[in-house]
Structure formats: structure tokens, C-alpha cells
Amino acid sequence: MLDFCGIEKERMRARWVSSAEAPEFVEEINQFINVLKKLGPSPLSMN
Amino acid sequence: MIDTIKQKISGLLSDASVKGVVALKTANGHVTPCVFQKEDDLDMLSLGDMQASGDTRYPLNKVLITIARQYPDDVFGVLVRGCDERGLYTLYRLNQLDPDKVVPIGFCCPEELAKACECKKPYPDDPVAGEKTKEIFQNRMEEIEGMDISKRFSFWMDQFSKCIKCYGCRNICSMCFCRECSLECEDLVSKGSLPVDIPVFHLTRAMHMADRCIDCGLCEEACPSDIPLRVLYKKTSRIMNAEFGFTSGIEKQEKSPLSMLGPAPDN
């Protein structure tokens, strides 16, 4: 739906991480930060 | 066509198989929803045809929900076009109406109306009157999908920013029966300010329409700003169909994949 409205679908991510899996959570967030840095500011923030 | 329908309603009322029939009447030059309880009143019956076939539409299912909530033990008839019947099936599925308490009186839409409405099923399963015509394919969604992503973004943001937050799309929608609405939740949609929060307002509604929208087009007809809402909901429906093989309102008994746990059903 986001893609259909012109917002990169990579900006949204859903992952299941257990509360006992802190390293996985950190890894996931770091990866996501890298993706978002590459994408730059959201088109919505410029409105 | 209208005479056949009058006869049918008259039959239902005379043998008391229904308490009333939710339909349309012409009064003082206007078409308005009405519950017919006496055969004598049927002179005023209308199919919503003012200038052309079906140019005056009302969400009769929504009227029926209101009545059924007040009179849960009574059986009511309701006038249905193809779109209304899809709505009925969806409302049965969502436990808003009891199929044993509803007698649908279906009629087919003529080809010109099916075209004007871009209708995917312009006939009910068991029509009392009219001839079934073929479905119309709509390609507005493909046009938008064909744009590049930044154009798509500016297209939708331009459309959404026209919104005057009148809630017309929600109020006309038969599938919007919730007593509490996310669009009135202040954490999502700020109160008393314009422009409306975009795209949150419209995308929230789109997500809630995912397994409900029956593509009747009333929202888009009601929208005073001419936002192509139907295209948005078509997209959510298309995703539901692609992922789960589910189309809202086509099969009477079908359950929504969103209401199940476990693997996707094979339908």
C-alpha cells in the first residue's frame, strides 16, 4: 500500500524478535538504520 | 422491472413473511430510503432512477443494520443491486446481520449503469428482475501503478490534501458499522484542524477496508473533493486477492483470511 502511494516500501519493516534475543534486535535495528540512511529523508517530512 | 419487484414485495408483505421492506421511495420529487410496511405504499416505490438508471443511490444495507439492531427478532426485506448483495454477504460474515432475518430482493443493473459504475458484478446471485450483464473491468489502478514512485507520491498527496475531513466516505459506507472509529481516535487523527493528517487518515481507512470493501463506489460518489478513494481500496482488495485468493462479498459463506489463525485457506 505504501508503495502504491509513492512511499518506498523499504521504510517499513516488521520482524518478530523475542525479548530474549537482544543481539538479534540490535542487529535488526542497525540494519534498518543503514537502509534508512541510504534512502534519505522521507518524502513525507518534506511536505 | 419495477412492477415485478412491486409484486414480489407485495407478496412478502401480504403473507407477513417480512415485517417490512427497506427500499427507496419517491416523495416530493426526491428519492429517499423508506421502510415499506403496507402494500398500498408501494406506488411510491423507486429503484433510485431519477434522470437515468440508478443515478440516485443510498446505502440501504446501512439503513437495514440500524433497523435490525433495534428489532433483532424481526425479518426484513431489502432491495439489493449487485453491489448491495456483496455488502449483505460481507455483513453476514462480519456478524452485523443475520442471514435468517434478511430477505434480499435482488435486481440486475442494466449495462449502461454497470459501465458507469465500473461494476465487477452488476447482478445479484438470485435476481427477481432484470437480465444479468457482464462485469466491467476498471483500469484506473494500473494507470497509477504505471507512474514512477515520486510521481505516484505527489499524485496521492495532492489528492489527499484536498480532503476536508467531512467523514462522508465513512458515513456512507455500509461496511463502516463500528461503534468506535479509529478515524476519531485523537492519537491517530488530530481533532479540529485542517488539512487532515495525510496520509494517515486515508491509509487508515484503506487498511480497514482490506477485507471489507465491496467496491460499490459510494465513497467516491459521496466525496465532495473527488478524491479517487475507490482506487485506493481497490488496491487493498487486490492485495487480499493476490495473497489469499479472497474477494470480499462474492461468496456468501466465505470467511475472511484476516479472521483466521494458521496457514492461508485454499480458496
# chains A, B, ... in the order shown; residues from 1 in each chain; ligands from 1
$ interface_residues --of "chain A" --to "chain B" --cutoff "10 Å" --atoms "only C-alpha atoms" --output "list in words"
Met1, Leu2, Asp3, Phe4, Cys5, Gly6, Ile7, Glu8, Pro43, Leu44 and Asn47 of chain A
$ write_last_selection --atoms "all heavy atoms" --output "PDB file, in the first residue's frame"
ATOM      1  N   MET A   1       0.827  -1.212   0.000  1.00  0.00           N
ATOM      2  CA  MET A   1       0.000   0.000   0.000  1.00  0.00           C
ATOM      3  C   MET A   1       0.855   1.254   0.000  1.00  0.00           C
ATOM      4  O   MET A   1       0.585   2.210  -0.718  1.00  0.00           O
ATOM      5  CB  MET A   1      -0.868   0.017   1.265  1.00  0.00           C
ATOM      6  CG  MET A   1      -2.275  -0.467   1.096  1.00  0.00           C
ATOM      7  SD  MET A   1      -2.996  -0.296  -0.502  1.00  0.00           S
ATOM      8  CE  MET A   1      -3.816   1.261  -0.395  1.00  0.00           C
ATOM      9  N   LEU A   2       1.941   1.232   0.828  1.00  0.00           N
ATOM     10  CA  LEU A   2       2.833   2.394   0.885  1.00  0.00           C
ATOM     11  C   LEU A   2       3.419   2.642  -0.493  1.00  0.00           C
ATOM     12  O   LEU A   2       3.464   3.770  -0.986  1.00  0.00           O
ATOM     13  CB  LEU A   2       3.952   2.153   1.904  1.00  0.00           C
ATOM     14  CG  LEU A   2       3.549   2.250   3.374  1.00  0.00           C
ATOM     15  CD1 LEU A   2       4.737   1.899   4.253  1.00  0.00           C
ATOM     16  CD2 LEU A   2       3.040   3.645   3.714  1.00  0.00           C
ATOM     17  N   ASP A   3       3.868   1.550  -1.120  1.00  0.00           N
ATOM     18  CA  ASP A   3       4.459   1.653  -2.446  1.00  0.00           C
ATOM     19  C   ASP A   3       3.469   2.252  -3.439  1.00  0.00           C
ATOM     20  O   ASP A   3       3.816   3.110  -4.243  1.00  0.00           O
ATOM     21  CB  ASP A   3       4.886   0.250  -2.888  1.00  0.00           C
ATOM     22  CG  ASP A   3       5.646   0.291  -4.190  1.00  0.00           C
ATOM     23  OD1 ASP A   3       6.696   0.941  -4.208  1.00  0.00           O
ATOM     24  OD2 ASP A   3       5.174  -0.308  -5.181  1.00  0.00           O
ATOM     25  N   PHE A   4       2.220   1.825  -3.337  1.00  0.00           N
ATOM     26  CA  PHE A   4       1.163   2.330  -4.221  1.00  0.00           C
ATOM     27  C   PHE A   4       0.967   3.834  -4.036  1.00  0.00           C
ATOM     28  O   PHE A   4       0.607   4.546  -4.960  1.00  0.00           O
ATOM     29  CB  PHE A   4      -0.142   1.577  -3.928  1.00  0.00           C
ATOM     30  CG  PHE A   4      -1.259   1.899  -4.878  1.00  0.00           C
ATOM     31  CD1 PHE A   4      -1.159   1.578  -6.220  1.00  0.00           C
ATOM     32  CD2 PHE A   4      -2.432   2.488  -4.410  1.00  0.00           C
ATOM     33  CE1 PHE A   4      -2.207   1.861  -7.093  1.00  0.00           C
ATOM     34  CE2 PHE A   4      -3.470   2.773  -5.275  1.00  0.00           C
ATOM     35  CZ  PHE A   4      -3.358   2.457  -6.617  1.00  0.00           C
ATOM     36  N   CYS A   5       1.211   4.316  -2.821  1.00  0.00           N
ATOM     37  CA  CYS A   5       1.056   5.750  -2.545  1.00  0.00           C
ATOM     38  C   CYS A   5       2.356   6.509  -2.743  1.00  0.00           C
ATOM     39  O   CYS A   5       2.444   7.682  -2.372  1.00  0.00           O
ATOM     40  CB  CYS A   5       0.545   5.962  -1.132  1.00  0.00           C
ATOM     41  SG  CYS A   5      -1.097   5.336  -0.937  1.00  0.00           S
ATOM     42  N   GLY A   6       3.377   5.856  -3.245  1.00  0.00           N
ATOM     43  CA  GLY A   6       4.614   6.554  -3.572  1.00  0.00           C
ATOM     44  C   GLY A   6       5.587   6.689  -2.414  1.00  0.00           C
ATOM     45  O   GLY A   6       6.472   7.540  -2.437  1.00  0.00           O
ATOM     46  N   ILE A   7       5.426   5.841  -1.385  1.00  0.00           N
ATOM     47  CA  ILE A   7       6.384   5.862  -0.274  1.00  0.00           C
ATOM     48  C   ILE A   7       7.162   4.540  -0.346  1.00  0.00           C
ATOM     49  O   ILE A   7       6.548   3.474  -0.424  1.00  0.00           O
ATOM     50  CB  ILE A   7       5.640   5.979   1.078  1.00  0.00           C
ATOM     51  CG1 ILE A   7       4.824   7.272   1.095  1.00  0.00           C
ATOM     52  CG2 ILE A   7       6.625   5.938   2.246  1.00  0.00           C
ATOM     53  CD1 ILE A   7       3.782   7.338   2.172  1.00  0.00           C
ATOM     54  N   GLU A   8       8.503   4.626  -0.347  1.00  0.00           N
ATOM     55  CA  GLU A   8       9.304   3.411  -0.527  1.00  0.00           C
ATOM     56  C   GLU A   8       8.920   2.357   0.509  1.00  0.00           C
ATOM     57  O   GLU A   8       8.915   2.648   1.700  1.00  0.00           O
ATOM     58  CB  GLU A   8      10.811   3.713  -0.391  1.00  0.00           C
ATOM     59  CG  GLU A   8      11.350   4.680  -1.425  1.00  0.00           C
ATOM     60  CD  GLU A   8      11.331   6.120  -0.928  1.00  0.00           C
ATOM     61  OE1 GLU A   8      10.500   6.426  -0.049  1.00  0.00           O
ATOM     62  OE2 GLU A   8      12.130   6.918  -1.420  1.00  0.00           O
ATOM     63  N   PRO A  43       9.858  11.309   1.992  1.00  0.00           N
ATOM     64  CA  PRO A  43       9.161  12.345   1.217  1.00  0.00           C
ATOM     65  C   PRO A  43       8.100  13.057   2.047  1.00  0.00           C
ATOM     66  O   PRO A  43       7.802  14.218   1.825  1.00  0.00           O
ATOM     67  CB  PRO A  43       8.524  11.573   0.062  1.00  0.00           C
ATOM     68  CG  PRO A  43       8.582  10.139   0.435  1.00  0.00           C
ATOM     69  CD  PRO A  43       9.727   9.988   1.378  1.00  0.00           C
ATOM     70  N   LEU A  44       7.576  12.352   3.062  1.00  0.00           N
ATOM     71  CA  LEU A  44       6.545  12.966   3.905  1.00  0.00           C
ATOM     72  C   LEU A  44       7.101  14.106   4.748  1.00  0.00           C
ATOM     73  O   LEU A  44       6.414  15.075   5.021  1.00  0.00           O
ATOM     74  CB  LEU A  44       5.944  11.923   4.839  1.00  0.00           C
ATOM     75  CG  LEU A  44       4.918  10.993   4.213  1.00  0.00           C
ATOM     76  CD1 LEU A  44       4.596   9.876   5.173  1.00  0.00           C
ATOM     77  CD2 LEU A  44       3.665  11.757   3.835  1.00  0.00           C
ATOM     78  N   ASN A  47       7.030  17.627   3.202  1.00  0.00           N
ATOM     79  CA  ASN A  47       5.745  18.272   2.870  1.00  0.00           C
ATOM     80  C   ASN A  47       5.441  19.466   3.750  1.00  0.00           C
ATOM     81  O   ASN A  47       5.640  19.416   4.924  1.00  0.00           O
ATOM     82  CB  ASN A  47       4.608  17.260   3.017  1.00  0.00           C
ATOM     83  CG  ASN A  47       4.196  16.758   1.658  1.00  0.00           C
ATOM     84  OD1 ASN A  47       4.932  16.951   0.681  1.00  0.00           O
ATOM     85  ND2 ASN A  47       3.067  16.114   1.578  1.00  0.00           N
TER      86      ASN A  47
END
$ select_by_dssp --residues "segment 135-195 of chain B" --states "alpha helix (DSSP H)" --output "compact mmCIF listing (two decimals) with all heavy atoms, in the first residue's frame"
# COMPACT_ATOMS: atom_id res chain seq x y z
N ARG B 140 -8.13 2.08 -13.74
CA ARG B 140 -7.54 3.26 -13.13
C ARG B 140 -6.35 2.91 -12.24
O ARG B 140 -5.41 3.67 -12.10
CB ARG B 140 -8.60 4.01 -12.30
CG ARG B 140 -9.56 4.81 -13.17
CD ARG B 140 -10.35 5.76 -12.32
NE ARG B 140 -11.24 5.05 -11.39
CZ ARG B 140 -11.82 5.63 -10.36
NH1 ARG B 140 -11.61 6.89 -10.08
NH2 ARG B 140 -12.62 4.95 -9.58
N MET B 141 -6.43 1.74 -11.60
CA MET B 141 -5.36 1.34 -10.70
C MET B 141 -4.04 1.11 -11.46
O MET B 141 -2.98 1.52 -11.01
CB MET B 141 -5.78 0.05 -10.00
CG MET B 141 -5.08 -0.19 -8.70
SD MET B 141 -5.77 -1.61 -7.90
CE MET B 141 -4.98 -2.90 -8.81
N GLU B 142 -4.16 0.49 -12.62
CA GLU B 142 -2.96 0.21 -13.42
C GLU B 142 -2.31 1.52 -13.88
O GLU B 142 -1.09 1.61 -13.96
CB GLU B 142 -3.30 -0.65 -14.64
CG GLU B 142 -3.46 -2.14 -14.33
CD GLU B 142 -4.73 -2.46 -13.55
OE1 GLU B 142 -5.62 -1.58 -13.46
OE2 GLU B 142 -4.83 -3.57 -13.02
N GLU B 143 -3.14 2.52 -14.15
CA GLU B 143 -2.58 3.82 -14.56
C GLU B 143 -1.67 4.37 -13.48
O GLU B 143 -0.58 4.87 -13.75
CB GLU B 143 -3.70 4.83 -14.82
CG GLU B 143 -4.36 4.69 -16.17
CD GLU B 143 -5.61 5.57 -16.25
OE1 GLU B 143 -5.66 6.62 -15.58
OE2 GLU B 143 -6.54 5.17 -16.98
N ILE B 144 -2.13 4.28 -12.23
CA ILE B 144 -1.34 4.81 -11.12
C ILE B 144 -0.10 3.96 -10.87
O ILE B 144 0.99 4.47 -10.64
CB ILE B 144 -2.21 4.93 -9.85
CG1 ILE B 144 -3.30 5.97 -10.11
CG2 ILE B 144 -1.38 5.31 -8.64
CD1 ILE B 144 -4.38 6.03 -9.07
N GLU B 145 -0.27 2.63 -11.00
CA GLU B 145 0.88 1.75 -10.81
C GLU B 145 1.95 1.99 -11.87
O GLU B 145 3.13 1.76 -11.64
CB GLU B 145 0.43 0.28 -10.84
CG GLU B 145 -0.18 -0.15 -9.53
CD GLU B 145 -0.73 -1.55 -9.55
OE1 GLU B 145 -1.06 -2.05 -10.66
OE2 GLU B 145 -0.86 -2.15 -8.47
N ILE B 149 7.73 6.27 -8.85
CA ILE B 149 7.36 6.36 -7.43
C ILE B 149 7.17 7.80 -6.96
O ILE B 149 6.25 8.10 -6.19
CB ILE B 149 8.35 5.57 -6.54
CG1 ILE B 149 7.80 5.42 -5.13
CG2 ILE B 149 9.74 6.17 -6.55
CD1 ILE B 149 8.41 4.31 -4.32
N SER B 150 8.00 8.74 -7.45
CA SER B 150 7.85 10.12 -6.96
C SER B 150 6.59 10.77 -7.53
O SER B 150 5.92 11.56 -6.87
CB SER B 150 9.09 10.94 -7.32
OG SER B 150 9.26 10.94 -8.71
N LYS B 151 6.23 10.37 -8.76
CA LYS B 151 5.01 10.90 -9.35
C LYS B 151 3.78 10.36 -8.60
O LYS B 151 2.81 11.07 -8.35
CB LYS B 151 4.94 10.52 -10.83
CG LYS B 151 4.04 11.44 -11.61
CD LYS B 151 4.23 11.32 -13.10
CE LYS B 151 3.08 12.05 -13.77
NZ LYS B 151 2.62 11.41 -14.99
N ARG B 152 3.90 9.07 -8.25
CA ARG B 152 2.81 8.43 -7.51
C ARG B 152 2.61 9.13 -6.17
O ARG B 152 1.51 9.39 -5.74
CB ARG B 152 3.17 6.96 -7.28
CG ARG B 152 2.04 6.05 -7.50
CD ARG B 152 2.42 4.63 -7.80
NE ARG B 152 3.46 4.05 -7.01
CZ ARG B 152 4.41 3.28 -7.51
NH1 ARG B 152 4.45 3.02 -8.79
NH2 ARG B 152 5.31 2.75 -6.72
N PHE B 153 3.75 9.43 -5.53
CA PHE B 153 3.70 10.12 -4.24
C PHE B 153 2.99 11.47 -4.38
O PHE B 153 2.06 11.78 -3.65
CB PHE B 153 5.12 10.31 -3.68
CG PHE B 153 5.14 11.00 -2.36
CD1 PHE B 153 4.81 10.31 -1.21
CD2 PHE B 153 5.50 12.33 -2.25
CE1 PHE B 153 4.82 10.94 0.02
CE2 PHE B 153 5.51 12.97 -1.03
CZ PHE B 153 5.17 12.27 0.12
N SER B 154 3.43 12.26 -5.36
CA SER B 154 2.82 13.60 -5.47
C SER B 154 1.37 13.50 -5.92
O SER B 154 0.53 14.29 -5.49
CB SER B 154 3.64 14.52 -6.37
OG SER B 154 3.92 13.90 -7.58
N PHE B 155 1.05 12.48 -6.74
CA PHE B 155 -0.35 12.30 -7.13
C PHE B 155 -1.23 12.09 -5.90
O PHE B 155 -2.22 12.81 -5.70
CB PHE B 155 -0.49 11.09 -8.08
CG PHE B 155 -1.91 10.70 -8.35
CD1 PHE B 155 -2.67 11.38 -9.29
CD2 PHE B 155 -2.53 9.66 -7.65
CE1 PHE B 155 -4.01 11.04 -9.54
CE2 PHE B 155 -3.86 9.30 -7.89
CZ PHE B 155 -4.59 10.00 -8.83
N TRP B 156 -0.84 11.15 -5.05
CA TRP B 156 -1.70 10.84 -3.89
C TRP B 156 -1.71 11.96 -2.87
O TRP B 156 -2.74 12.26 -2.27
CB TRP B 156 -1.28 9.51 -3.24
CG TRP B 156 -1.81 8.33 -3.99
CD1 TRP B 156 -1.10 7.40 -4.67
CD2 TRP B 156 -3.20 7.98 -4.17
NE1 TRP B 156 -1.93 6.48 -5.25
CE2 TRP B 156 -3.23 6.81 -4.97
CE3 TRP B 156 -4.42 8.52 -3.75
CZ2 TRP B 156 -4.41 6.18 -5.34
CZ3 TRP B 156 -5.60 7.88 -4.12
CH2 TRP B 156 -5.59 6.74 -4.91
N MET B 157 -0.55 12.59 -2.67
CA MET B 157 -0.53 13.68 -1.68
C MET B 157 -1.40 14.84 -2.16
O MET B 157 -2.10 15.46 -1.36
CB MET B 157 0.90 14.15 -1.39
CG MET B 157 1.74 13.11 -0.69
SD MET B 157 0.97 12.45 0.82
CE MET B 157 1.23 10.69 0.59
N ASP B 158 -1.38 15.12 -3.46
CA ASP B 158 -2.27 16.16 -3.99
C ASP B 158 -3.73 15.79 -3.75
O ASP B 158 -4.55 16.62 -3.36
CB ASP B 158 -2.05 16.35 -5.50
CG ASP B 158 -0.74 17.05 -5.80
OD1 ASP B 158 -0.13 17.56 -4.84
OD2 ASP B 158 -0.34 17.08 -6.98
N GLN B 159 -4.03 14.51 -4.01
CA GLN B 159 -5.41 14.06 -3.82
C GLN B 159 -5.83 14.14 -2.35
O GLN B 159 -6.87 14.69 -2.02
CB GLN B 159 -5.58 12.62 -4.32
CG GLN B 159 -5.39 12.44 -5.82
CD GLN B 159 -6.48 13.12 -6.62
OE1 GLN B 159 -7.54 13.45 -6.11
NE2 GLN B 159 -6.22 13.35 -7.90
N PHE B 160 -4.96 13.60 -1.47
CA PHE B 160 -5.30 13.56 -0.04
C PHE B 160 -5.43 14.97 0.53
O PHE B 160 -6.25 15.22 1.42
CB PHE B 160 -4.25 12.79 0.76
CG PHE B 160 -4.20 11.32 0.45
CD1 PHE B 160 -3.06 10.57 0.74
CD2 PHE B 160 -5.29 10.67 -0.11
CE1 PHE B 160 -3.01 9.21 0.46
CE2 PHE B 160 -5.24 9.31 -0.39
CZ PHE B 160 -4.09 8.58 -0.10
N SER B 161 -4.61 15.89 0.05
CA SER B 161 -4.64 17.23 0.64
C SER B 161 -5.92 17.99 0.28
O SER B 161 -6.22 19.02 0.88
CB SER B 161 -3.40 18.02 0.25
OG SER B 161 -3.33 18.12 -1.14
N GLY B 168 -17.53 11.88 5.02
CA GLY B 168 -18.57 11.39 4.11
C GLY B 168 -18.29 9.98 3.64
O GLY B 168 -19.19 9.15 3.55
N CYS B 169 -17.02 9.68 3.36
CA CYS B 169 -16.65 8.35 2.86
C CYS B 169 -16.98 7.29 3.91
O CYS B 169 -17.45 6.20 3.58
CB CYS B 169 -15.18 8.30 2.49
SG CYS B 169 -14.06 8.91 3.77
N ARG B 170 -16.75 7.62 5.16
CA ARG B 170 -17.04 6.65 6.22
C ARG B 170 -18.54 6.57 6.47
O ARG B 170 -19.11 5.49 6.63
CB ARG B 170 -16.33 7.06 7.50
CG ARG B 170 -16.62 6.11 8.65
CD ARG B 170 -16.34 6.73 9.98
NE ARG B 170 -17.24 7.83 10.28
CZ ARG B 170 -17.23 8.48 11.43
NH1 ARG B 170 -16.37 8.16 12.36
NH2 ARG B 170 -18.07 9.47 11.64
N ASN B 171 -19.19 7.73 6.48
CA ASN B 171 -20.61 7.75 6.84
C ASN B 171 -21.50 7.06 5.82
O ASN B 171 -22.53 6.50 6.17
CB ASN B 171 -21.07 9.19 7.05
CG ASN B 171 -20.40 9.83 8.25
OD1 ASN B 171 -19.78 9.13 9.05
ND2 ASN B 171 -20.48 11.14 8.35
N ILE B 172 -21.09 7.10 4.55
CA ILE B 172 -21.94 6.49 3.52
C ILE B 172 -21.69 4.98 3.43
O ILE B 172 -22.51 4.25 2.90
CB ILE B 172 -21.68 7.16 2.14
CG1 ILE B 172 -22.79 6.86 1.12
CG2 ILE B 172 -20.37 6.68 1.53
CD1 ILE B 172 -23.83 7.89 1.01
$ residues_around --residues "Asp41 of chain B" --least-positions-apart "6" --cutoff "12 Å" --atoms "only C-alpha atoms" --output "list in words"
Lys6, Ile9, Ser10, Leu13, Gly20, Val21, Ala23, Leu24, Lys25, Thr26, Ala27, Cys34 and Val35 of chain B
$ write_last_selection --atoms "C-alpha atoms" --output "tab-separated table (two decimals), in the first residue's frame"
chain	number	residue	atom	x	y	z
B	6	LYS	CA	-43.56	-4.43	-6.56
B	9	ILE	CA	-42.64	-7.05	-2.21
B	10	SER	CA	-46.42	-7.12	-2.18
B	13	LEU	CA	-45.91	-8.17	2.88
B	20	GLY	CA	-41.09	-4.50	6.39
B	21	VAL	CA	-39.03	-3.94	3.27
B	23	ALA	CA	-36.25	0.19	-0.23
B	24	LEU	CA	-36.44	3.61	-1.87
B	25	LYS	CA	-39.43	5.85	-2.40
B	26	THR	CA	-40.08	8.97	-4.41
B	27	ALA	CA	-41.58	11.72	-2.27
B	34	CYS	CA	-38.09	4.05	3.22
B	35	VAL	CA	-39.34	1.00	5.10
$ atom_distance --atom1 "atom CA of Leu45 of chain B" --atom2 "atom CA of Val78 of chain B"
12.4 Å
$ residues_around --residues "segment 28-34 of chain A" --least-positions-apart "6" --cutoff "12 Å" --atoms "only C-alpha atoms" --output "ChimeraX atom specification"
/A:10-17,21-22,40-41
$ closest_residue --among "B:Pro224, B:Pro127, B:Pro59, B:Gly217" --to "Tyr167 of chain B" --atoms "only C-alpha atoms"
B:Pro224
$ residues_around --residues "Thr66 of chain B" --least-positions-apart "6" --cutoff "12 Å" --atoms "only C-alpha atoms" --output "count of residues only"
12
$ select_by_dssp --residues "segment 65-165 of chain B" --states "strand (DSSP E or B)" --output "MDAnalysis selection string"
chainID B and resid 76:80 102:107 129
$ write_last_selection --atoms "N, CA, C and O atoms" --output "PDB file, in the first residue's frame"
ATOM      1  N   PHE B  76     -36.673  -8.660   7.846  1.00  0.00           N
ATOM      2  CA  PHE B  76     -36.888  -7.539   6.935  1.00  0.00           C
ATOM      3  C   PHE B  76     -36.422  -7.890   5.528  1.00  0.00           C
ATOM      4  O   PHE B  76     -35.434  -8.600   5.354  1.00  0.00           O
ATOM      5  N   GLY B  77     -37.151  -7.379   4.559  1.00  0.00           N
ATOM      6  CA  GLY B  77     -36.708  -7.487   3.176  1.00  0.00           C
ATOM      7  C   GLY B  77     -35.846  -6.285   2.858  1.00  0.00           C
ATOM      8  O   GLY B  77     -35.934  -5.253   3.520  1.00  0.00           O
ATOM      9  N   VAL B  78     -34.999  -6.408   1.855  1.00  0.00           N
ATOM     10  CA  VAL B  78     -34.192  -5.259   1.433  1.00  0.00           C
ATOM     11  C   VAL B  78     -33.955  -5.334  -0.071  1.00  0.00           C
ATOM     12  O   VAL B  78     -33.737  -6.405  -0.627  1.00  0.00           O
ATOM     13  N   LEU B  79     -34.063  -4.177  -0.692  1.00  0.00           N
ATOM     14  CA  LEU B  79     -33.845  -4.081  -2.132  1.00  0.00           C
ATOM     15  C   LEU B  79     -32.342  -4.114  -2.390  1.00  0.00           C
ATOM     16  O   LEU B  79     -31.605  -3.348  -1.782  1.00  0.00           O
ATOM     17  N   VAL B  80     -31.887  -5.032  -3.250  1.00  0.00           N
ATOM     18  CA  VAL B  80     -30.443  -5.101  -3.488  1.00  0.00           C
ATOM     19  C   VAL B  80     -30.077  -5.130  -4.962  1.00  0.00           C
ATOM     20  O   VAL B  80     -30.678  -5.839  -5.767  1.00  0.00           O
ATOM     21  N   VAL B 102     -33.007 -11.731   7.003  1.00  0.00           N
ATOM     22  CA  VAL B 102     -32.968 -10.811   5.866  1.00  0.00           C
ATOM     23  C   VAL B 102     -33.485 -11.521   4.612  1.00  0.00           C
ATOM     24  O   VAL B 102     -33.077 -12.646   4.319  1.00  0.00           O
ATOM     25  N   VAL B 103     -34.413 -10.880   3.911  1.00  0.00           N
ATOM     26  CA  VAL B 103     -34.886 -11.405   2.634  1.00  0.00           C
ATOM     27  C   VAL B 103     -34.451 -10.432   1.529  1.00  0.00           C
ATOM     28  O   VAL B 103     -35.027  -9.352   1.404  1.00  0.00           O
ATOM     29  N   PRO B 104     -33.397 -10.781   0.781  1.00  0.00           N
ATOM     30  CA  PRO B 104     -32.952  -9.854  -0.256  1.00  0.00           C
ATOM     31  C   PRO B 104     -33.872  -9.902  -1.472  1.00  0.00           C
ATOM     32  O   PRO B 104     -34.312 -10.979  -1.876  1.00  0.00           O
ATOM     33  N   ILE B 105     -34.197  -8.733  -1.994  1.00  0.00           N
ATOM     34  CA  ILE B 105     -34.987  -8.658  -3.218  1.00  0.00           C
ATOM     35  C   ILE B 105     -34.072  -8.067  -4.275  1.00  0.00           C
ATOM     36  O   ILE B 105     -33.842  -6.852  -4.314  1.00  0.00           O
ATOM     37  N   GLY B 106     -33.492  -8.942  -5.082  1.00  0.00           N
ATOM     38  CA  GLY B 106     -32.406  -8.523  -5.959  1.00  0.00           C
ATOM     39  C   GLY B 106     -32.859  -8.176  -7.348  1.00  0.00           C
ATOM     40  O   GLY B 106     -33.808  -8.758  -7.868  1.00  0.00           O
ATOM     41  N   PHE B 107     -32.189  -7.208  -7.947  1.00  0.00           N
ATOM     42  CA  PHE B 107     -32.428  -6.942  -9.363  1.00  0.00           C
ATOM     43  C   PHE B 107     -31.124  -6.569 -10.054  1.00  0.00           C
ATOM     44  O   PHE B 107     -30.196  -6.050  -9.417  1.00  0.00           O
ATOM     45  N   ALA B 129     -35.707  -9.507 -10.826  1.00  0.00           N
ATOM     46  CA  ALA B 129     -35.981  -8.827 -12.092  1.00  0.00           C
ATOM     47  C   ALA B 129     -34.691  -8.418 -12.783  1.00  0.00           C
ATOM     48  O   ALA B 129     -33.647  -8.276 -12.153  1.00  0.00           O
TER      49      ALA B 129
END
$ closest_residue --among "B:Glu186, B:Asp55, B:Asp226, B:Asp3" --to "Leu42 of chain B" --atoms "only C-alpha atoms"
B:Asp3
$ decode --residues "segment 249-261 of chain B" --atoms "N, CA and C atoms" --output "PDB file, in the first residue's frame"
ATOM      1  N   GLY B 249     -17.301 -10.277  -0.418  1.00  0.00           N
ATOM      2  CA  GLY B 249     -18.677 -10.159  -0.875  1.00  0.00           C
ATOM      3  C   GLY B 249     -19.081 -11.013  -2.064  1.00  0.00           C
ATOM      4  N   ILE B 250     -18.165 -11.820  -2.601  1.00  0.00           N
ATOM      5  CA  ILE B 250     -18.513 -12.611  -3.779  1.00  0.00           C
ATOM      6  C   ILE B 250     -19.149 -13.947  -3.360  1.00  0.00           C
ATOM      7  N   GLU B 251     -18.559 -14.603  -2.364  1.00  0.00           N
ATOM      8  CA  GLU B 251     -19.112 -15.874  -1.886  1.00  0.00           C
ATOM      9  C   GLU B 251     -19.847 -15.639  -0.574  1.00  0.00           C
ATOM     10  N   LYS B 252     -21.065 -16.193  -0.509  1.00  0.00           N
ATOM     11  CA  LYS B 252     -21.887 -15.935   0.669  1.00  0.00           C
ATOM     12  C   LYS B 252     -21.262 -16.474   1.963  1.00  0.00           C
ATOM     13  N   GLN B 253     -20.676 -17.661   1.891  1.00  0.00           N
ATOM     14  CA  GLN B 253     -20.219 -18.331   3.120  1.00  0.00           C
ATOM     15  C   GLN B 253     -18.754 -18.080   3.436  1.00  0.00           C
ATOM     16  N   GLU B 254     -18.068 -17.387   2.549  1.00  0.00           N
ATOM     17  CA  GLU B 254     -16.615 -17.313   2.681  1.00  0.00           C
ATOM     18  C   GLU B 254     -16.175 -16.524   3.919  1.00  0.00           C
ATOM     19  N   LYS B 255     -15.163 -17.068   4.619  1.00  0.00           N
ATOM     20  CA  LYS B 255     -14.599 -16.377   5.785  1.00  0.00           C
ATOM     21  C   LYS B 255     -13.423 -15.529   5.310  1.00  0.00           C
ATOM     22  N   SER B 256     -13.154 -14.455   6.059  1.00  0.00           N
ATOM     23  CA  SER B 256     -12.013 -13.631   5.700  1.00  0.00           C
ATOM     24  C   SER B 256     -10.726 -14.243   6.214  1.00  0.00           C
ATOM     25  N   PRO B 257      -9.681 -14.288   5.390  1.00  0.00           N
ATOM     26  CA  PRO B 257      -8.394 -14.802   5.873  1.00  0.00           C
ATOM     27  C   PRO B 257      -7.853 -13.984   7.045  1.00  0.00           C
ATOM     28  N   LEU B 258      -8.298 -12.737   7.176  1.00  0.00           N
ATOM     29  CA  LEU B 258      -7.817 -11.909   8.281  1.00  0.00           C
ATOM     30  C   LEU B 258      -8.450 -12.306   9.611  1.00  0.00           C
ATOM     31  N   SER B 259      -9.498 -13.147   9.560  1.00  0.00           N
ATOM     32  CA  SER B 259     -10.141 -13.558  10.807  1.00  0.00           C
ATOM     33  C   SER B 259      -9.737 -14.978  11.200  1.00  0.00           C
ATOM     34  N   MET B 260      -8.678 -15.498  10.566  1.00  0.00           N
ATOM     35  CA  MET B 260      -8.263 -16.878  10.864  1.00  0.00           C
ATOM     36  C   MET B 260      -6.839 -16.912  11.373  1.00  0.00           C
ATOM     37  N   LEU B 261      -6.550 -17.928  12.185  1.00  0.00           N
ATOM     38  CA  LEU B 261      -5.175 -18.182  12.576  1.00  0.00           C
ATOM     39  C   LEU B 261      -4.677 -19.370  11.756  1.00  0.00           C
TER      40      LEU B 261
END
